[in-house]
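Read the structure below first, then the notes.
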Amino acid sequence: LRPSNAPLSSLPGQDRGVLNNKKIAAKWKEKKKVREGCSLPGSSWEERLANAVTPLWRLPYQEQLQVKYESQRKILQTLTSRLEELGIDAQKPDGLCCPLQPVVPSPVINGYRNKSTFSVNQGPDGNPKTVGLYVGTGRARNIVCVKANHVENIPPKHKEVAQWYEEYIRCSPLEPCLLFHEGGHWRELVVRTTSRGHTMAIITFHPQELGQEALATQKALLKEFFTCGPGAVCALTSLYFQESTMTRCSHEQSPFQLLHGEPHIFEEVLGLKFRISPDAFFQVNTGGAEVLYQAVRELSQAGGDTVLLDICCGTGTIGLSLAHQVSKIIGIEVVEKAVEDARWNAAFNGISNCEFHSGKAEAVLPQLLSSWEDSQALVAVVNPSRAGLHYRVVRAIRNCKSIRRLLYISCKPEGEAMRNFLELCCPPNPGKKLAGEPFAPTLAIPFDMFPHTLHCELVLLFTR
């Protein structure tokens, strides 16, 4: 990692020359044929899974970055065209609405994920108690659960915990829950790890018609297996159990029950210590997150008189990493446990110039900004899920005159985030209550937070 005071131009990968687009496209086409060939009948299930989860795994890493650069360029070309359709003269000499820097590589290429989710379903051998990742689709009715032993981005520790979970449920008389209405109990496993050597396992269980006594027995057996039995080799820091009757349950809907160990695991980012709860959002690539946050720190250009608005703040990592250079941090996050973590993180790290609000951003932000004094400078950083920002959030940002600089971090800029970009940049629209001066895209920097996959984290700087 580069020093925190290094200029943005020194980010890893910035010294590469202009990419040869035709050469890259030809190489990728050739590699794609090889990759797709491995998904044909006759290839191993491990190869099929690797191709589905990490489709670039066969490419040398520099070529992966080139493929991703081309993908991000197409996204910016789409944004440029859409802005032109709105009557905005956005096209620059290179055909894009703003400069696109080369993809910043990940400091760690293999086994970088700090969180993995494993499913329980029928394996290639027909065993319904297989713990792994899905190959196939529900629509085609060809789903098979394949062990993730050969998937490059999952660390060995996660695979080890998944293997012992599979051993446990295969010895259990209870059936797996493949479809809710068909009964069964054992469901998915989430494993979280940190660079400090902590490991958290969260097991999801469908209670069906089991009474409290039977549930207590299952929890006791599970705890015994991972603390005194064969599963003790996993050396879990935390073992959680969640009774869930739906695909995804929040802590509020169905509390996470601590069966063993510590209630939290801890991570260090840019010299700060962060507490992580079972369902709190944390960037899945810790080393990549450090590089990303350093860039956000520089791009924000926030000074001592600036208030940083951290929307969708998770456990507060971005805001707290900038706290020392701004007058105040205001974080907003929908997950209550993540907000509790953010407040703890601030207190533990001795950071007092911050406040964190729990609730949906579309409800909290407009109320916060309605009484904001225009004289106080605001810099906004948004890091939403793939669903993007709610329209009311975009409208509140757009109509707040104090926000002159906005950093939008997106893991799927071609999706709903594209709608947000256009709402931020379109001419004033009284019908949609977009009265504020439009933003303009100024700089785009892709970060490879997900090596071996097609995904990138794009940081798009908007100014006005």
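Ordered as shown in the structure tokens, chains take letters A, B, and onward, while each chain numbers its residues from 1 and ligands are numbered from 1 in the order shown.
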Distance table requested - segment 84-146 of chain A against segment 280-292 of chain A, cut-off 9 Å, only C-alpha atoms: one row per qualifying residue with the closest atom pair and its distance in Å to one decimal, ordered by chain and rising residue number, as a Markdown table.
```
| residue | atom | partner | partner_atom | distance |
| --- | --- | --- | --- | --- |
| A:Val104 | CA | A:Val291 | CA | 8.5 |
| A:Pro105 | CA | A:Gly288 | CA | 8.0 |
| A:Ser106 | CA | A:Gly288 | CA | 5.2 |
| A:Pro107 | CA | A:Gly287 | CA | 5.9 |
| A:Val108 | CA | A:Gly287 | CA | 6.7 |
| A:Tyr112 | CA | A:Asn285 | CA | 5.6 |
| A:Arg113 | CA | A:Val284 | CA | 5.2 |
| A:Asn114 | CA | A:Val284 | CA | 5.1 |
| A:Lys115 | CA | A:Val284 | CA | 5.9 |
| A:Ser116 | CA | A:Val284 | CA | 8.7 |
```
Restricted to N, CA and C atoms, what would the selected residues look like written as a PDB file, in the first residue's frame?
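The resulting file, result.pdb, is shown below:
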```pdb
ATOM      1  N   VAL A 104      -7.407   0.372 -10.549  1.00  0.00           N
ATOM      2  CA  VAL A 104      -6.456   0.225  -9.443  1.00  0.00           C
ATOM      3  C   VAL A 104      -6.490  -1.229  -8.978  1.00  0.00           C
ATOM      4  N   PRO A 105      -5.366  -1.940  -9.028  1.00  0.00           N
ATOM      5  CA  PRO A 105      -5.374  -3.371  -8.691  1.00  0.00           C
ATOM      6  C   PRO A 105      -5.579  -3.629  -7.210  1.00  0.00           C
ATOM      7  N   SER A 106      -6.013  -4.827  -6.891  1.00  0.00           N
ATOM      8  CA  SER A 106      -6.171  -5.246  -5.504  1.00  0.00           C
ATOM      9  C   SER A 106      -4.813  -5.651  -4.939  1.00  0.00           C
ATOM     10  N   PRO A 107      -4.513  -5.273  -3.692  1.00  0.00           N
ATOM     11  CA  PRO A 107      -3.249  -5.706  -3.084  1.00  0.00           C
ATOM     12  C   PRO A 107      -3.178  -7.217  -2.888  1.00  0.00           C
ATOM     13  N   VAL A 108      -4.344  -7.859  -2.762  1.00  0.00           N
ATOM     14  CA  VAL A 108      -4.414  -9.313  -2.608  1.00  0.00           C
ATOM     15  C   VAL A 108      -5.279  -9.853  -3.740  1.00  0.00           C
ATOM     16  N   TYR A 112      -9.077 -13.312  -1.084  1.00  0.00           N
ATOM     17  CA  TYR A 112      -9.204 -11.981  -0.489  1.00  0.00           C
ATOM     18  C   TYR A 112     -10.518 -11.758   0.251  1.00  0.00           C
ATOM     19  N   ARG A 113     -11.515 -12.588   0.019  1.00  0.00           N
ATOM     20  CA  ARG A 113     -12.828 -12.333   0.617  1.00  0.00           C
ATOM     21  C   ARG A 113     -12.787 -12.498   2.134  1.00  0.00           C
ATOM     22  N   ASN A 114     -13.344 -11.534   2.862  1.00  0.00           N
ATOM     23  CA  ASN A 114     -13.442 -11.666   4.307  1.00  0.00           C
ATOM     24  C   ASN A 114     -14.834 -12.125   4.738  1.00  0.00           C
ATOM     25  N   LYS A 115     -15.724 -12.344   3.750  1.00  0.00           N
ATOM     26  CA  LYS A 115     -17.063 -12.857   4.034  1.00  0.00           C
ATOM     27  C   LYS A 115     -17.505 -13.758   2.894  1.00  0.00           C
ATOM     28  N   SER A 116     -17.973 -14.958   3.242  1.00  0.00           N
ATOM     29  CA  SER A 116     -18.471 -15.904   2.230  1.00  0.00           C
ATOM     30  C   SER A 116     -19.790 -16.488   2.715  1.00  0.00           C
TER      31      SER A 116
END
```
Could you give me the residues within segment 210-388 of chain A that DSSP places in helix (DSSP H, G or I), as a ChimeraX atom specification? /A:212-227,230-234,286-300,317-325,336-348,361-370
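Taking atom CA of Pro176 of chain A as the reference point, atom CA of Asn51 of chain A is found at 26.4 Å.
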In Å, with one decimal, what is the gap from atom CA of Thr199 of chain A to atom CA of Ala338 of chain A? 18.1 Å
Need to verify the contact set: segment 261-275 of chain A, 6 Å, only C-alpha atoms, exclusion of same-chain residues closer than 4 positions in sequence. Can you return it as a PyMOL selection string? chain A and resi 194+198+237-238+341+345
Out of A:Gly319, A:Pro446, A:Pro451, A:Pro384, which residue has the shortest atom-to-atom distance to Glu355 of chain A when counting only C-alpha atoms?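 Closest to Glu355 of chain A of all the choices is A:Gly319.
If only C-alpha atoms are the atoms counted, then among A:His150, A:Asn121, A:Ala396, A:Phe180 the closest residue to Ser44 of chain A is A:His150.
Using only C-alpha atoms for every distance, the candidate list A:Cys354, A:Leu215, A:Ala52, A:Ala162 yields A:Ala52 as the residue closest to Gly136 of chain A.
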Secondary structure check, strand (DSSP E) residues of segment 100-342 of chain A, as a PyMOL selection string: chain A and resi 115-121+130-135+144-146+186-193+199-205+238-243+257-261+265-269+272-276+307-311+328-333
Could you check which of A:Ile351, A:Ile445, A:Cys312, A:Leu239 is closest to Gln325 of chain A, using only C-alpha atoms?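 Under the stated criterion, the closest residue is A:Ile351.
Minimum distance to Leu179 of chain A across A:Cys400, A:Ile276, A:Val120, A:Leu369 (counting only C-alpha atoms) occurs at A:Val120.
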Residue neighbourhood Ala346 of chain A, 12 Å, only C-alpha atoms, exclusion window fewer than 2 positions, as a CSV table (one decimal) with C-alpha atoms, in the first residue's frame:
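The file below, part.csv, is the result:
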```csv
chain,number,residue,atom,x,y,z
A,272,LEU,CA,-8.2,2.3,13.0
A,273,LYS,CA,-9.9,-0.6,14.8
A,274,PHE,CA,-13.4,-1.6,13.7
A,275,ARG,CA,-15.9,-3.9,15.4
A,315,THR,CA,-19.8,0.4,10.4
A,316,GLY,CA,-18.4,3.9,9.7
A,317,THR,CA,-15.2,2.9,8.0
A,318,ILE,CA,-15.1,5.7,5.3
A,319,GLY,CA,-16.2,8.5,7.6
A,320,LEU,CA,-14.0,7.6,10.5
A,321,SER,CA,-10.9,7.3,8.2
A,322,LEU,CA,-11.5,10.9,7.2
A,323,ALA,CA,-12.5,12.2,10.7
A,324,HIS,CA,-9.1,13.7,11.5
A,329,ILE,CA,-18.8,13.4,10.3
A,330,ILE,CA,-22.5,12.6,9.8
A,331,GLY,CA,-23.2,8.9,9.0
A,339,VAL,CA,-24.8,1.9,13.6
A,340,GLU,CA,-24.0,0.5,17.1
A,341,ASP,CA,-20.7,-0.7,15.7
A,342,ALA,CA,-20.0,2.7,14.1
A,343,ARG,CA,-20.6,4.4,17.4
A,344,TRP,CA,-18.4,1.9,19.2
A,348,PHE,CA,-12.8,3.2,20.8
A,349,ASN,CA,-10.6,5.1,18.3
A,350,GLY,CA,-11.0,8.3,20.3
A,351,ILE,CA,-13.0,10.1,17.5
A,352,SER,CA,-15.5,12.5,18.9
A,353,ASN,CA,-16.4,14.7,15.9
A,354,CYS,CA,-19.0,12.3,14.5
A,355,GLU,CA,-22.6,11.3,14.8
A,356,PHE,CA,-24.4,8.3,13.3
```
Nearby residues (only C-alpha atoms) at most 12 Å from Trp57 of chain A, same-chain spacing under 6 positions excluded, as a list in words: Lys31, Lys32, Val34, Arg35, Glu47, Arg48, Leu49, Ala50, Asn51, Glu63, Gln64, Leu65, Ile109, Asn110, His150, Val151, Glu152, Asn153, Phe450, Pro451, His452, Thr453 and Leu454 of chain A
In Å, how far is it from atom CA of Ala377 of chain A to atom CA of Glu362 of chain A?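 Those two atoms sit 21.1 Å apart.
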All residues 7 Å or closer to Ala387 of chain A, only C-alpha atoms, same chain fewer than 2 positions away omitted, as a PyMOL selection string: chain A and resi 385+389+416
Pick from A:Arg196, A:His357, A:Ile88, A:Glu209, whichever lies nearest to Pro438 of chain A using only C-alpha atoms: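 Of the candidates, the smallest distance to Pro438 of chain A is held by A:Ile88.
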